[in-house]
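Chemist: Questions regarding the structure given below will be posed in turn.
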Amino acid sequence: MESMTSPIIKVYLTDTQFKELKQDLLDKFSIDLVNNLIDERIQQEQAPYLNQKEFSEWIGESVATINELRAKGLPVSYALGTVRYGKQSYIDFMKSFER
């Protein structure tokens with residue numbers, strides 16, 4: 001009995017056919033990859049609450065800066081034993097310091 005990784009059907013291609021197939025697969029892979037990245041980005045942007053790492057990336061500041069902001073009153077939410085930062089809470093907090 002052959003192993004499960006043995007091909008069911010073998011296909012032999014000319015060099016030209018292989019190049020065409022390879023390019024088609026690369027094009028499809030590239031499109032799928034870009035679409036997946038876009039979907040991830042949309043999902044991230046729509047998430048109203050972020051963990052510390054995601055929040056740090058979203059506001060473009062270090063974790064140390066986030067800790068300073070928390071010490072100054074930045075509101076946080078606690079869910080399942082973890083701290084979550086609300087995007088709207090951050091925006092409102094920062095607006096309260098505008099002059």
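For the structure tokens, the naming scheme is as follows: chains receive sequential letters (A, B, ...) according to their order of presentation, residues are indexed from 1 within each chain, and ligands are indexed from 1 in presentation order.
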Identify, on the basis of only C-alpha atoms, every residue whose closest approach to range 59-72 of chain A does not exceed 12 Å; exclude the query and any residue fewer than 3 positions from it along the same chain; express the result as an NGL selection string.
Modeler: :A and (45 or 50-56 or 75-77 or 83-91 or 93-94 or 96-97)
Chemist: I need the residues in range 6-80 of chain A that are strand (DSSP E or B) according to DSSP; give them as a PyMOL selection string.
Modeler: chain A and resi 49-50+77-79
Chemist: Please tabulate, as CSV, the residues of range 7-29 of chain A that come within 10 Å of range 33-39 of chain A, each with its closest pair of atoms and the distance in Å to one decimal, counting only C-alpha atoms and ordering rows by chain, then residue number upward.
Modeler:
residue,atom,partner,partner_atom,distance
A:Asp27,CA,A:Leu33,CA,9.8
A:Lys28,CA,A:Leu33,CA,8.5
A:Phe29,CA,A:Leu33,CA,6.0
Chemist: Figure out the distance between CA of Glu57 in chain A and CA of Glu40 in chain A, please, to one decimal in Å.
Modeler: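 Between CA of Glu40 in chain A and CA of Glu57 in chain A the gap is 14.5 Å.
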Chemist: Could you give me the residues within chain A that DSSP places in alpha helix (DSSP H), as a VMD selection string?
Modeler: chain A and resid 15 to 46 52 to 59 63 to 71 87 to 95
